[in-house]
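**Q** Input file: target_34.cif. Contents: mmCIF, C-alpha atoms and all ligand atoms.
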```cif
data_protein
loop_
_atom_site.group_PDB
_atom_site.id
_atom_site.type_symbol
_atom_site.label_atom_id
_atom_site.label_comp_id
_atom_site.auth_asym_id
_atom_site.auth_seq_id
_atom_site.Cartn_x
_atom_site.Cartn_y
_atom_site.Cartn_z
ATOM 1 C CA VAL A 1 -1.490 28.899 18.832
ATOM 2 C CA THR A 2 -4.426 30.870 20.222
ATOM 3 C CA ALA A 3 -5.472 31.841 23.753
ATOM 4 C CA PRO A 4 -9.166 31.066 24.274
ATOM 5 C CA THR A 5 -11.290 32.576 27.035
ATOM 6 C CA ARG A 6 -10.296 29.999 29.655
ATOM 7 C CA PHE A 7 -6.725 31.321 29.313
ATOM 8 C CA SER A 8 -5.110 28.037 28.328
ATOM 9 C CA LEU A 9 -3.104 27.749 25.136
ATOM 10 C CA GLN A 10 -4.371 25.736 22.209
ATOM 11 C CA TYR A 11 -2.876 24.400 18.987
ATOM 12 C CA SER A 12 -5.212 23.891 16.037
ATOM 13 C CA GLU A 13 -4.460 22.141 12.763
ATOM 14 C CA TYR A 14 -7.063 23.426 10.313
ATOM 15 C CA TRP A 15 -7.938 21.005 7.556
ATOM 16 C CA ARG A 16 -10.611 22.847 5.619
ATOM 17 C CA HIS A 17 -13.341 25.474 6.128
ATOM 18 C CA ASN A 18 -12.189 26.484 9.594
ATOM 19 C CA THR A 19 -12.501 22.853 10.719
ATOM 20 C CA GLY A 20 -9.744 20.787 12.247
ATOM 21 C CA LEU A 21 -8.298 19.369 15.412
ATOM 22 C CA THR A 22 -7.387 21.329 18.543
ATOM 23 C CA PHE A 23 -5.026 20.363 21.344
ATOM 24 C CA GLY A 24 -4.583 22.005 24.708
ATOM 25 C CA ILE A 25 -0.930 23.030 25.026
ATOM 26 C CA LYS A 26 1.202 23.148 28.156
ATOM 27 C CA ALA A 27 4.386 24.378 26.473
ATOM 28 C CA LEU A 28 6.216 24.931 23.220
ATOM 29 C CA LEU A 29 9.338 22.850 23.783
ATOM 30 C CA HIS A 30 11.180 23.389 20.510
ATOM 31 C CA SER A 31 10.878 25.621 17.452
ATOM 32 C CA GLU A 32 13.377 25.606 14.631
ATOM 33 C CA ARG A 33 13.474 26.569 10.967
ATOM 34 C CA SER A 34 15.571 23.887 9.316
ATOM 35 C CA PRO A 35 16.716 24.288 5.694
ATOM 36 C CA PHE A 36 13.590 22.306 4.733
ATOM 37 C CA GLN A 37 10.753 23.111 7.113
ATOM 38 C CA HIS A 38 9.566 24.517 10.423
ATOM 39 C CA VAL A 39 10.066 21.848 13.104
ATOM 40 C CA GLU A 40 8.152 22.290 16.350
ATOM 41 C CA VAL A 41 7.569 20.148 19.430
ATOM 42 C CA TYR A 42 4.779 20.872 21.915
ATOM 43 C CA GLU A 43 3.827 19.424 25.233
ATOM 44 C CA THR A 44 0.081 18.887 24.895
ATOM 45 C CA ASP A 45 -2.464 18.615 27.694
ATOM 46 C CA ALA A 46 -3.727 15.176 26.697
ATOM 47 C CA PHE A 47 -1.575 13.605 23.940
ATOM 48 C CA GLY A 48 1.919 13.974 25.424
ATOM 49 C CA HIS A 49 4.631 15.386 23.187
ATOM 50 C CA MET A 50 3.613 16.363 19.655
ATOM 51 C CA MET A 51 5.848 17.131 16.672
ATOM 52 C CA THR A 52 4.639 19.327 13.826
ATOM 53 C CA LEU A 53 6.369 20.027 10.511
ATOM 54 C CA ASP A 54 5.305 23.263 8.823
ATOM 55 C CA GLY A 55 2.322 23.306 11.167
ATOM 56 C CA VAL A 56 1.137 19.775 10.317
ATOM 57 C CA ILE A 57 0.952 17.143 13.062
ATOM 58 C CA MET A 58 3.384 14.257 12.528
ATOM 59 C CA ILE A 59 3.570 12.455 15.863
ATOM 60 C CA THR A 60 1.964 12.492 19.255
ATOM 61 C CA ASP A 61 3.088 10.252 22.110
ATOM 62 C CA TYR A 62 -0.503 9.151 22.572
ATOM 63 C CA ASP A 63 -1.243 7.574 19.199
ATOM 64 C CA GLU A 64 1.994 7.258 17.203
ATOM 65 C CA PHE A 65 1.923 3.500 17.770
ATOM 66 C CA VAL A 66 -1.048 3.068 15.434
ATOM 67 C CA TYR A 67 0.546 4.625 12.372
ATOM 68 C CA HIS A 68 3.994 3.170 12.959
ATOM 69 C CA GLU A 69 2.819 -0.369 13.666
ATOM 70 C CA MET A 70 0.488 -0.299 10.682
ATOM 71 C CA ILE A 71 3.008 1.061 8.203
ATOM 72 C CA ALA A 72 5.519 -1.663 9.116
ATOM 73 C CA HIS A 73 3.951 -4.914 10.334
ATOM 74 C CA PRO A 74 1.399 -5.846 7.656
ATOM 75 C CA ALA A 75 4.164 -6.138 5.056
ATOM 76 C CA LEU A 76 6.850 -7.517 7.364
ATOM 77 C CA CYS A 77 4.526 -10.166 8.827
ATOM 78 C CA LEU A 78 3.485 -11.046 5.276
ATOM 79 C CA LEU A 79 7.129 -11.462 4.277
ATOM 80 C CA GLN A 80 8.069 -13.236 7.539
ATOM 81 C CA ASP A 81 11.772 -13.386 6.691
ATOM 82 C CA ALA A 82 12.639 -9.916 5.352
ATOM 83 C CA LYS A 83 16.349 -9.198 5.679
ATOM 84 C CA ARG A 84 16.986 -5.810 4.091
ATOM 85 C CA ALA A 85 14.621 -2.878 4.570
ATOM 86 C CA LEU A 86 14.585 0.658 3.229
ATOM 87 C CA VAL A 87 12.660 3.395 5.028
ATOM 88 C CA ILE A 88 12.239 6.667 3.138
ATOM 89 C CA GLY A 89 11.274 9.577 5.400
ATOM 90 C CA GLY A 90 10.315 8.633 8.930
ATOM 91 C CA GLY A 91 13.219 10.573 10.408
ATOM 92 C CA ASP A 92 11.561 10.399 13.826
ATOM 93 C CA GLY A 93 12.520 6.706 13.952
ATOM 94 C CA GLY A 94 9.008 5.378 14.634
ATOM 95 C CA ALA A 95 8.608 3.274 11.502
ATOM 96 C CA ALA A 96 12.168 1.999 11.886
ATOM 97 C CA ARG A 97 11.466 1.042 15.505
ATOM 98 C CA GLU A 98 8.585 -1.149 14.397
ATOM 99 C CA ALA A 99 10.456 -2.682 11.455
ATOM 100 C CA LEU A 100 13.446 -3.504 13.645
ATOM 101 C CA ARG A 101 11.259 -5.581 15.959
ATOM 102 C CA HIS A 102 11.532 -8.243 13.237
ATOM 103 C CA PRO A 103 14.580 -10.336 14.129
ATOM 104 C CA SER A 104 15.041 -11.448 10.512
ATOM 105 C CA LEU A 105 16.086 -7.897 9.521
ATOM 106 C CA THR A 106 19.841 -7.624 9.192
ATOM 107 C CA ARG A 107 19.965 -4.095 7.800
ATOM 108 C CA LEU A 108 17.653 -1.086 7.639
ATOM 109 C CA ASP A 109 18.587 1.953 5.573
ATOM 110 C CA LEU A 110 16.734 5.022 6.860
ATOM 111 C CA VAL A 111 16.751 7.902 4.380
ATOM 112 C CA GLU A 112 15.665 11.228 5.851
ATOM 113 C CA ILE A 113 16.209 14.579 4.173
ATOM 114 C CA ASP A 114 16.028 16.690 7.336
ATOM 115 C CA GLU A 115 18.495 16.139 10.167
ATOM 116 C CA ALA A 116 16.469 18.528 12.350
ATOM 117 C CA VAL A 117 13.660 15.936 12.481
ATOM 118 C CA VAL A 118 16.085 13.242 13.631
ATOM 119 C CA GLU A 119 17.583 15.500 16.283
ATOM 120 C CA ALA A 120 14.196 16.674 17.595
ATOM 121 C CA ALA A 121 13.022 13.065 17.803
ATOM 122 C CA LYS A 122 16.159 12.022 19.703
ATOM 123 C CA ARG A 123 15.586 14.825 22.177
ATOM 124 C CA PHE A 124 11.827 14.708 22.692
ATOM 125 C CA PHE A 125 10.676 11.247 21.554
ATOM 126 C CA PRO A 126 13.122 8.754 23.054
ATOM 127 C CA GLN A 127 10.651 5.886 22.663
ATOM 128 C CA LEU A 128 10.747 6.413 18.876
ATOM 129 C CA SER A 129 14.333 7.313 18.335
ATOM 130 C CA ALA A 130 15.723 4.412 20.357
ATOM 131 C CA SER A 131 15.835 2.689 16.969
ATOM 132 C CA PHE A 132 18.818 4.896 16.038
ATOM 133 C CA GLY A 133 20.834 2.929 18.588
ATOM 134 C CA ASP A 134 20.149 -0.367 16.778
ATOM 135 C CA GLU A 135 23.307 -1.415 14.974
ATOM 136 C CA ARG A 136 21.247 -2.708 12.025
ATOM 137 C CA LEU A 137 20.062 0.845 11.255
ATOM 138 C CA LYS A 138 22.096 3.029 8.908
ATOM 139 C CA LEU A 139 20.971 6.658 8.653
ATOM 140 C CA HIS A 140 21.349 8.514 5.341
ATOM 141 C CA LEU A 141 20.671 12.262 5.543
ATOM 142 C CA VAL A 142 19.801 12.729 1.868
ATOM 143 C CA ASP A 143 16.796 13.230 -0.405
ATOM 144 C CA GLY A 144 14.880 9.956 -0.812
ATOM 145 C CA THR A 145 14.250 10.577 -4.525
ATOM 146 C CA ALA A 146 18.011 10.826 -5.111
ATOM 147 C CA PHE A 147 18.809 7.814 -2.909
ATOM 148 C CA VAL A 148 16.520 5.444 -4.813
ATOM 149 C CA LYS A 149 18.147 6.370 -8.135
ATOM 150 C CA GLU A 150 21.541 5.229 -6.873
ATOM 151 C CA ALA A 151 20.676 2.285 -4.598
ATOM 152 C CA PRO A 152 21.431 -1.307 -5.723
ATOM 153 C CA LYS A 153 18.688 -2.972 -7.801
ATOM 154 C CA GLY A 154 16.834 -5.971 -6.417
ATOM 155 C CA HIS A 155 18.349 -5.398 -2.992
ATOM 156 C CA TYR A 156 15.485 -4.737 -0.547
ATOM 157 C CA ASP A 157 12.844 -7.140 0.747
ATOM 158 C CA PHE A 158 10.811 -4.263 2.126
ATOM 159 C CA ILE A 159 10.494 -0.587 1.208
ATOM 160 C CA LEU A 160 8.424 1.727 3.386
ATOM 161 C CA VAL A 161 7.687 5.370 2.580
ATOM 162 C CA ASP A 162 6.795 7.374 5.691
ATOM 163 C CA SER A 163 6.398 10.794 4.124
ATOM 164 C CA THR A 164 4.740 14.052 5.047
ATOM 165 C CA ASP A 165 1.676 15.128 3.037
ATOM 166 C CA PRO A 166 2.187 15.446 -0.746
ATOM 167 C CA VAL A 167 3.164 19.103 -0.805
ATOM 168 C CA GLY A 168 6.554 20.805 -0.765
ATOM 169 C CA ILE A 169 9.526 18.546 -0.093
ATOM 170 C CA ALA A 170 7.414 15.365 -0.083
ATOM 171 C CA GLU A 171 5.822 15.890 -3.507
ATOM 172 C CA GLY A 172 8.470 13.814 -5.250
ATOM 173 C CA LEU A 173 7.652 10.844 -3.002
ATOM 174 C CA PHE A 174 4.200 10.482 -4.603
ATOM 175 C CA THR A 175 5.270 10.242 -8.254
ATOM 176 C CA ARG A 176 5.395 7.382 -10.754
ATOM 177 C CA GLU A 177 9.094 8.034 -11.312
ATOM 178 C CA PHE A 178 9.834 7.562 -7.608
ATOM 179 C CA TYR A 179 7.681 4.448 -7.263
ATOM 180 C CA GLU A 180 9.280 2.921 -10.368
ATOM 181 C CA ALA A 181 12.711 3.511 -8.907
ATOM 182 C CA CYS A 182 11.600 1.903 -5.625
ATOM 183 C CA ARG A 183 10.174 -1.102 -7.469
ATOM 184 C CA SER A 184 13.503 -1.673 -9.183
ATOM 185 C CA LEU A 185 15.169 -1.916 -5.762
ATOM 186 C CA LEU A 186 12.866 -4.694 -4.543
ATOM 187 C CA THR A 187 13.705 -8.396 -4.524
ATOM 188 C CA PRO A 188 11.250 -10.586 -6.520
ATOM 189 C CA ARG A 189 9.343 -11.314 -3.273
ATOM 190 C CA GLY A 190 9.715 -7.740 -2.063
ATOM 191 C CA VAL A 191 6.869 -5.642 -0.675
ATOM 192 C CA MET A 192 6.472 -1.867 -0.684
ATOM 193 C CA VAL A 193 4.168 0.181 1.552
ATOM 194 C CA VAL A 194 3.485 3.913 1.470
ATOM 195 C CA GLN A 195 1.300 6.208 3.530
ATOM 196 C CA SER A 196 -1.463 7.421 1.214
ATOM 197 C CA GLU A 197 -3.500 10.018 3.192
ATOM 198 C CA SER A 198 -7.069 9.951 4.509
ATOM 199 C CA PRO A 199 -9.996 8.806 2.356
ATOM 200 C CA PHE A 200 -12.194 11.311 4.237
ATOM 201 C CA ASP A 201 -10.044 14.252 3.198
ATOM 202 C CA PRO A 202 -11.652 16.398 0.474
ATOM 203 C CA VAL A 203 -8.261 18.003 -0.243
ATOM 204 C CA ASN A 204 -5.794 15.098 -0.149
ATOM 205 C CA GLY A 205 -8.264 12.176 -0.405
ATOM 206 C CA HIS A 206 -7.552 11.798 -4.116
ATOM 207 C CA VAL A 207 -4.105 10.544 -3.082
ATOM 208 C CA VAL A 208 -5.704 7.292 -1.862
ATOM 209 C CA LYS A 209 -6.924 6.636 -5.390
ATOM 210 C CA ASP A 210 -3.945 8.107 -7.238
ATOM 211 C CA VAL A 211 -1.429 5.979 -5.334
ATOM 212 C CA ARG A 212 -3.578 2.871 -5.723
ATOM 213 C CA ARG A 213 -3.788 3.457 -9.501
ATOM 214 C CA LEU A 214 -0.043 3.950 -9.752
ATOM 215 C CA PHE A 215 0.604 0.803 -7.716
ATOM 216 C CA GLU A 216 -1.854 -1.178 -9.870
ATOM 217 C CA SER A 217 0.116 -0.131 -12.925
ATOM 218 C CA LEU A 218 3.435 -1.103 -11.337
ATOM 219 C CA PHE A 219 2.655 -4.243 -9.317
ATOM 220 C CA PRO A 220 0.488 -7.306 -10.036
ATOM 221 C CA ILE A 221 -0.672 -7.017 -6.436
ATOM 222 C CA ALA A 222 -1.811 -3.626 -5.105
ATOM 223 C CA GLU A 223 -4.037 -3.204 -2.076
ATOM 224 C CA THR A 224 -5.203 -0.377 0.174
ATOM 225 C CA TYR A 225 -5.647 -0.744 3.905
ATOM 226 C CA LEU A 226 -6.775 1.502 6.748
ATOM 227 C CA ALA A 227 -6.046 2.334 10.364
ATOM 228 C CA SER A 228 -7.565 4.645 12.940
ATOM 229 C CA THR A 229 -5.254 7.620 13.565
ATOM 230 C CA PRO A 230 -6.778 10.113 16.032
ATOM 231 C CA SER A 231 -4.252 12.922 15.531
ATOM 232 C CA TYR A 232 -4.218 12.890 11.718
ATOM 233 C CA PRO A 233 -6.885 14.630 9.635
ATOM 234 C CA TYR A 234 -10.290 12.947 9.836
ATOM 235 C CA GLY A 235 -8.964 10.182 12.108
ATOM 236 C CA LEU A 236 -8.736 7.480 9.460
ATOM 237 C CA TRP A 237 -5.573 6.865 7.470
ATOM 238 C CA SER A 238 -4.757 4.807 4.398
ATOM 239 C CA PHE A 239 -1.710 2.848 3.355
ATOM 240 C CA THR A 240 -1.028 1.285 -0.022
ATOM 241 C CA LEU A 241 0.858 -1.982 -0.431
ATOM 242 C CA GLY A 242 2.418 -3.277 -3.630
ATOM 243 C CA SER A 243 4.143 -6.548 -4.422
ATOM 244 C CA ARG A 244 5.120 -8.665 -7.401
ATOM 245 C CA SER A 245 4.257 -11.940 -5.701
ATOM 246 C CA LEU A 246 2.826 -11.747 -2.182
ATOM 247 C CA HIS A 247 -0.838 -10.985 -1.598
ATOM 248 C CA PRO A 248 -1.475 -9.453 1.849
ATOM 249 C CA LEU A 249 -4.441 -11.743 2.567
ATOM 250 C CA ARG A 250 -3.976 -14.869 0.441
ATOM 251 C CA ASP A 251 -0.296 -15.282 1.330
ATOM 252 C CA TYR A 252 -0.565 -14.118 4.929
ATOM 253 C CA ASP A 253 0.161 -16.659 7.656
ATOM 254 C CA ALA A 254 -1.786 -15.498 10.719
ATOM 255 C CA GLU A 255 -0.396 -18.310 12.865
ATOM 256 C CA ALA A 256 3.167 -17.240 12.115
ATOM 257 C CA ALA A 257 2.263 -13.654 12.954
ATOM 258 C CA HIS A 258 0.762 -14.820 16.241
ATOM 259 C CA ARG A 259 4.063 -16.483 17.078
ATOM 260 C CA SER A 260 6.151 -13.324 16.473
ATOM 261 C CA PRO A 261 8.414 -12.813 19.484
ATOM 262 C CA PHE A 262 7.172 -9.231 19.831
ATOM 263 C CA ALA A 263 3.431 -9.903 19.297
ATOM 264 C CA ASP A 264 2.566 -9.136 22.924
ATOM 265 C CA GLU A 265 4.384 -5.792 22.801
ATOM 266 C CA LEU A 266 2.202 -4.328 20.042
ATOM 267 C CA ARG A 267 -0.788 -2.158 20.846
ATOM 268 C CA TYR A 268 -2.651 -2.014 17.530
ATOM 269 C CA TYR A 269 -1.466 -4.649 15.078
ATOM 270 C CA THR A 270 -2.741 -8.184 15.510
ATOM 271 C CA PRO A 271 -3.371 -10.887 12.891
ATOM 272 C CA GLN A 272 -7.100 -10.100 13.151
ATOM 273 C CA VAL A 273 -6.452 -6.387 12.613
ATOM 274 C CA HIS A 274 -4.239 -7.284 9.637
ATOM 275 C CA THR A 275 -7.129 -9.006 7.900
ATOM 276 C CA ALA A 276 -9.712 -6.430 8.941
ATOM 277 C CA ALA A 277 -7.584 -3.489 7.775
ATOM 278 C CA PHE A 278 -7.914 -4.600 4.147
ATOM 279 C CA ALA A 279 -11.731 -4.727 4.377
ATOM 280 C CA LEU A 280 -12.611 -1.325 2.968
ATOM 281 C CA PRO A 281 -15.760 0.645 3.812
ATOM 282 C CA ALA A 282 -18.148 1.220 0.907
ATOM 283 C CA PHE A 283 -17.198 4.891 0.507
ATOM 284 C CA VAL A 284 -13.528 3.982 0.175
ATOM 285 C CA ARG A 285 -14.299 1.288 -2.397
ATOM 286 C CA GLN A 286 -16.331 3.901 -4.247
ATOM 287 C CA LEU A 287 -13.465 6.407 -4.077
ATOM 288 C CA LEU A 288 -11.073 3.792 -5.478
ATOM 289 C CA SER A 289 -13.397 2.868 -8.339
ATOM 290 C CA GLU A 290 -14.193 6.415 -9.499
HETATM 291 N N1 LIG B 301 -1.046 14.629 7.786
HETATM 292 C C1 LIG B 301 0.120 14.064 8.371
HETATM 293 C C2 LIG B 301 0.599 12.817 7.709
HETATM 294 C C3 LIG B 301 1.933 12.436 8.232
HETATM 295 C C4 LIG B 301 2.398 11.111 7.814
HETATM 296 N N2 LIG B 301 3.764 10.842 8.255
HETATM 297 C C5 LIG B 301 4.010 11.037 9.630
HETATM 298 C C6 LIG B 301 5.394 10.701 10.056
HETATM 299 C C7 LIG B 301 5.421 9.938 11.320
HETATM 300 N N3 LIG B 301 6.536 9.084 11.412
#
```
Mind converting the file's structure to structure tokens?
**A**
Amino acid sequence: VTAPTRFSLQYSEYWRHNTGLTFGIKALLHSERSPFQHVEVYETDAFGHMMTLDGVIMITDYDEFVYHEMIAHPALCLLQDAKRALVIGGGDGGAAREALRHPSLTRLDLVEIDEAVVEAAKRFFPQLSASFGDERLKLHLVDGTAFVKEAPKGHYDFILVDSTDPVGIAEGLFTREFYEACRSLLTPRGVMVVQSESPFDPVNGHVVKDVRRLFESLFPIAETYLASTPSYPYGLWSFTLGSRSLHPLRDYDAEAAHRSPFADELRYYTPQVHTAAFALPAFVRQLLSE
């Protein structure tokens, strides 16, 4: 946090070459070194509350809906009748909140390594962490890579990986070994989605391609899709979807998605956005083909 000449506080996340994103800050609400990372919550001037982990922005009140809707609904609307879901990471509860909008879900296992993230979310992001009060959600405070080795095979209709960037504690969530273990937990119709970084990012952009390649080697169907995320690096984020049998466009029923009981409550995801999200700009297609 720096104090510029107009004497207000600012928070900057630097991406590369002294370039990044800066927020005006009203207050530092919470700062804690958990056994895993530095958890902080700020009150920003324009984006509401903001959580950072080791100095990297994870959530702001203003735009969290984009990421959380887009990591959950494309796959769940494709599946239509998913019953058992597994969320790895996402200890703030945002991805779980979106998944639990689907009335077909009977159980959601949320596996988060860091209890401090859950507690900070409960305290400062009640709109996200309300999902912890849903009786279908079971919280497991363990390492996701260990959980997937022990979980029952062929059990989950949907697996979602809402990780931090692929450094430090999240590195293991971007490996072939981890994805293979996840695949073994899926039902034959099951779908898996992971966050796969920004295609604009010169540092982590290779993850878009690396994850896509790994998914192509593990699933007959592997697709990348995009969403606009103002508070994440470069403002454009990618997700990678894998499935043994369901294609996100060919097997998608837009009419059914329109009829979802919660369709009017969403602020980003619509059936039109679903289809558009898989239409990749030329530079992303190029990145994926390199
Ligand atoms: N560069 C930040 C990427 C963070 C992705 N996960 C965010 C967790 C929000 N539930």
**Q** From the list A:Ser12, A:Glu69, A:Gln286, A:Glu112, which residue is nearest A:Glu265 when using all atoms listed in the file?
**A**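 Nearest candidate to A:Glu265 out of A:Ser12, A:Glu69, A:Gln286, A:Glu112: A:Glu69.
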**Q** If we count only C-alpha atoms and set the cut-off at 9 Å, which residues sit around A:His274, ignoring sequence neighbours fewer than 5 positions away in its own chain? Please answer as a PDB file with C-alpha atoms, in the frame of the given file.
**A**
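So selection-v7.pdb came out as:
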```
ATOM      1  CA  MET A  70       0.488  -0.299  10.682  1.00  0.00           C
ATOM      2  CA  HIS A  73       3.951  -4.914  10.334  1.00  0.00           C
ATOM      3  CA  PRO A  74       1.399  -5.846   7.656  1.00  0.00           C
ATOM      4  CA  TYR A 225      -5.647  -0.744   3.905  1.00  0.00           C
ATOM      5  CA  PRO A 248      -1.475  -9.453   1.849  1.00  0.00           C
ATOM      6  CA  LEU A 249      -4.441 -11.743   2.567  1.00  0.00           C
ATOM      7  CA  ALA A 254      -1.786 -15.498  10.719  1.00  0.00           C
ATOM      8  CA  TYR A 269      -1.466  -4.649  15.078  1.00  0.00           C
TER       9      TYR A 269
END
```
**Q** Calculated over only C-alpha atoms, which of the candidates A:Pro152, A:Pro35, A:Gly235, A:Gly89 has the smallest distance to A:Asp165?
**A**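 Among the listed residues, A:Gly89 lies closest to A:Asp165.
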**Q** What separation in Å, quoted to one decimal, exists between atom CA of A:Arg285 and atom CA of A:Leu21?
**A** 26.1 Å
**Q** Residues within 10 Å of ligand LIG 301 (chain B), counting all atoms listed in the file: report them as a ChimeraX atom specification.
**A** /A:13,15,51-53,55-60,64-65,67-68,71,89-96,117,121,128,161-166,194-198,204,229,231-234,237
**Q** Take atom CA of A:Pro230 and atom CA of A:His49 and report the distance between them in Å, one decimal.
**A**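 We find that atom CA of A:Pro230 and atom CA of A:His49 lie 14.5 Å from each other.
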**Q** Kindly resolve the PyMOL selection byres (((chain A and resi 259-261) around 10) and not hetatm) on the present coordinates and return the residues as a list of chain:residue names.
**A**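 With the PyMOL selection byres (((chain A and resi 259-261) around 10) and not hetatm) on this model, the match is A:Cys77, A:Gln80, A:Arg101, A:His102, A:Pro103, A:Ala254, A:Glu255, A:Ala256, A:Ala257, A:His258, A:Phe262, A:Ala263, A:Asp264, A:Glu265.
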**Q** As an exercise, work out the distance from atom CA of A:Leu105 to atom CA of A:Met50 in Å and give it to one decimal place.
**A**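 Separation between atom CA of A:Leu105 and atom CA of A:Met50: 29.1 Å.
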**Q** Give the answer as one residue: which of A:Ile88, A:Val284, A:Leu241, A:Leu226 has the shortest atom-to-atom distance to A:Leu76, using only C-alpha atoms?
**A**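 Ranking A:Ile88, A:Val284, A:Leu241, A:Leu226 by distance to A:Leu76, first place goes to A:Leu241.
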**Q** Closest to A:Thr240 among A:Pro281, A:Ala72, A:Lys138, A:Gln272, using only C-alpha atoms?
**A**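 Once distances to A:Thr240 are computed over only C-alpha atoms, the minimum belongs to A:Ala72.
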**Q** Between A:Phe36, A:Leu246, A:Leu214, A:Ile25, which one has atoms that come closest to A:Val142, using all atoms listed in the file?
**A**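 Closest residue, counting all atoms listed in the file: A:Phe36.
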**Q** Which residue is closest to A:Val111? Choose from A:Leu160, A:Ile169, A:Gly154, A:Glu135 and count only C-alpha atoms.
**A**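 For A:Val111, the nearest of the given residues is A:Leu160.
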**Q** Would you pick out the contacts of A:Lys26 at 10 Å or less, using only C-alpha atoms, so that residues sharing its chain but fewer than 6 positions from it are not included, and give the list as a JSON list (two decimals) with C-alpha atoms, keeping the file's coordinate frame?
**A**
```json
[["chain", "number", "residue", "atom", "x", "y", "z"],
["A", 8, "SER", "CA", -5.11, 28.04, 28.33],
["A", 9, "LEU", "CA", -3.10, 27.75, 25.14],
["A", 10, "GLN", "CA", -4.37, 25.74, 22.21],
["A", 42, "TYR", "CA", 4.78, 20.87, 21.92],
["A", 43, "GLU", "CA", 3.83, 19.42, 25.23],
["A", 44, "THR", "CA", 0.08, 18.89, 24.90],
["A", 45, "ASP", "CA", -2.46, 18.61, 27.69],
["A", 46, "ALA", "CA", -3.73, 15.18, 26.70],
["A", 48, "GLY", "CA", 1.92, 13.97, 25.42],
["A", 49, "HIS", "CA", 4.63, 15.39, 23.19]]
```
**Q** Quick one: 3 Å padding each side, axis-aligned, all listed atoms of stretch 234-240 of chain A - centre and edge lengths in Å to one decimal, as JSON?
**A**
```
{"center_x": -5.7, "center_y": 7.1, "center_z": 6.0, "size_x": 15.3, "size_y": 17.7, "size_z": 18.1}
```
**Q** Would you translate the PyMOL selection byres (((chain A and resi 189) around 12) and not hetatm) into the concrete set of residues it matches in this file, as a compact mmCIF listing (two decimals) with C-alpha atoms, keeping the file's coordinate frame?
**A**
```
# COMPACT_ATOMS: atom_id res chain seq x y z
CA ALA A 75 4.16 -6.14 5.06
CA LEU A 76 6.85 -7.52 7.36
CA LEU A 78 3.48 -11.05 5.28
CA LEU A 79 7.13 -11.46 4.28
CA GLN A 80 8.07 -13.24 7.54
CA ASP A 81 11.77 -13.39 6.69
CA ALA A 82 12.64 -9.92 5.35
CA LYS A 83 16.35 -9.20 5.68
CA ARG A 84 16.99 -5.81 4.09
CA GLY A 154 16.83 -5.97 -6.42
CA HIS A 155 18.35 -5.40 -2.99
CA TYR A 156 15.48 -4.74 -0.55
CA ASP A 157 12.84 -7.14 0.75
CA PHE A 158 10.81 -4.26 2.13
CA ILE A 159 10.49 -0.59 1.21
CA ARG A 183 10.17 -1.10 -7.47
CA LEU A 185 15.17 -1.92 -5.76
CA LEU A 186 12.87 -4.69 -4.54
CA THR A 187 13.70 -8.40 -4.52
CA PRO A 188 11.25 -10.59 -6.52
CA GLY A 190 9.72 -7.74 -2.06
CA VAL A 191 6.87 -5.64 -0.68
CA MET A 192 6.47 -1.87 -0.68
CA PHE A 219 2.66 -4.24 -9.32
CA PRO A 220 0.49 -7.31 -10.04
CA ILE A 221 -0.67 -7.02 -6.44
CA GLY A 242 2.42 -3.28 -3.63
CA SER A 243 4.14 -6.55 -4.42
CA ARG A 244 5.12 -8.66 -7.40
CA SER A 245 4.26 -11.94 -5.70
CA LEU A 246 2.83 -11.75 -2.18
CA HIS A 247 -0.84 -10.98 -1.60
CA ASP A 251 -0.30 -15.28 1.33
```
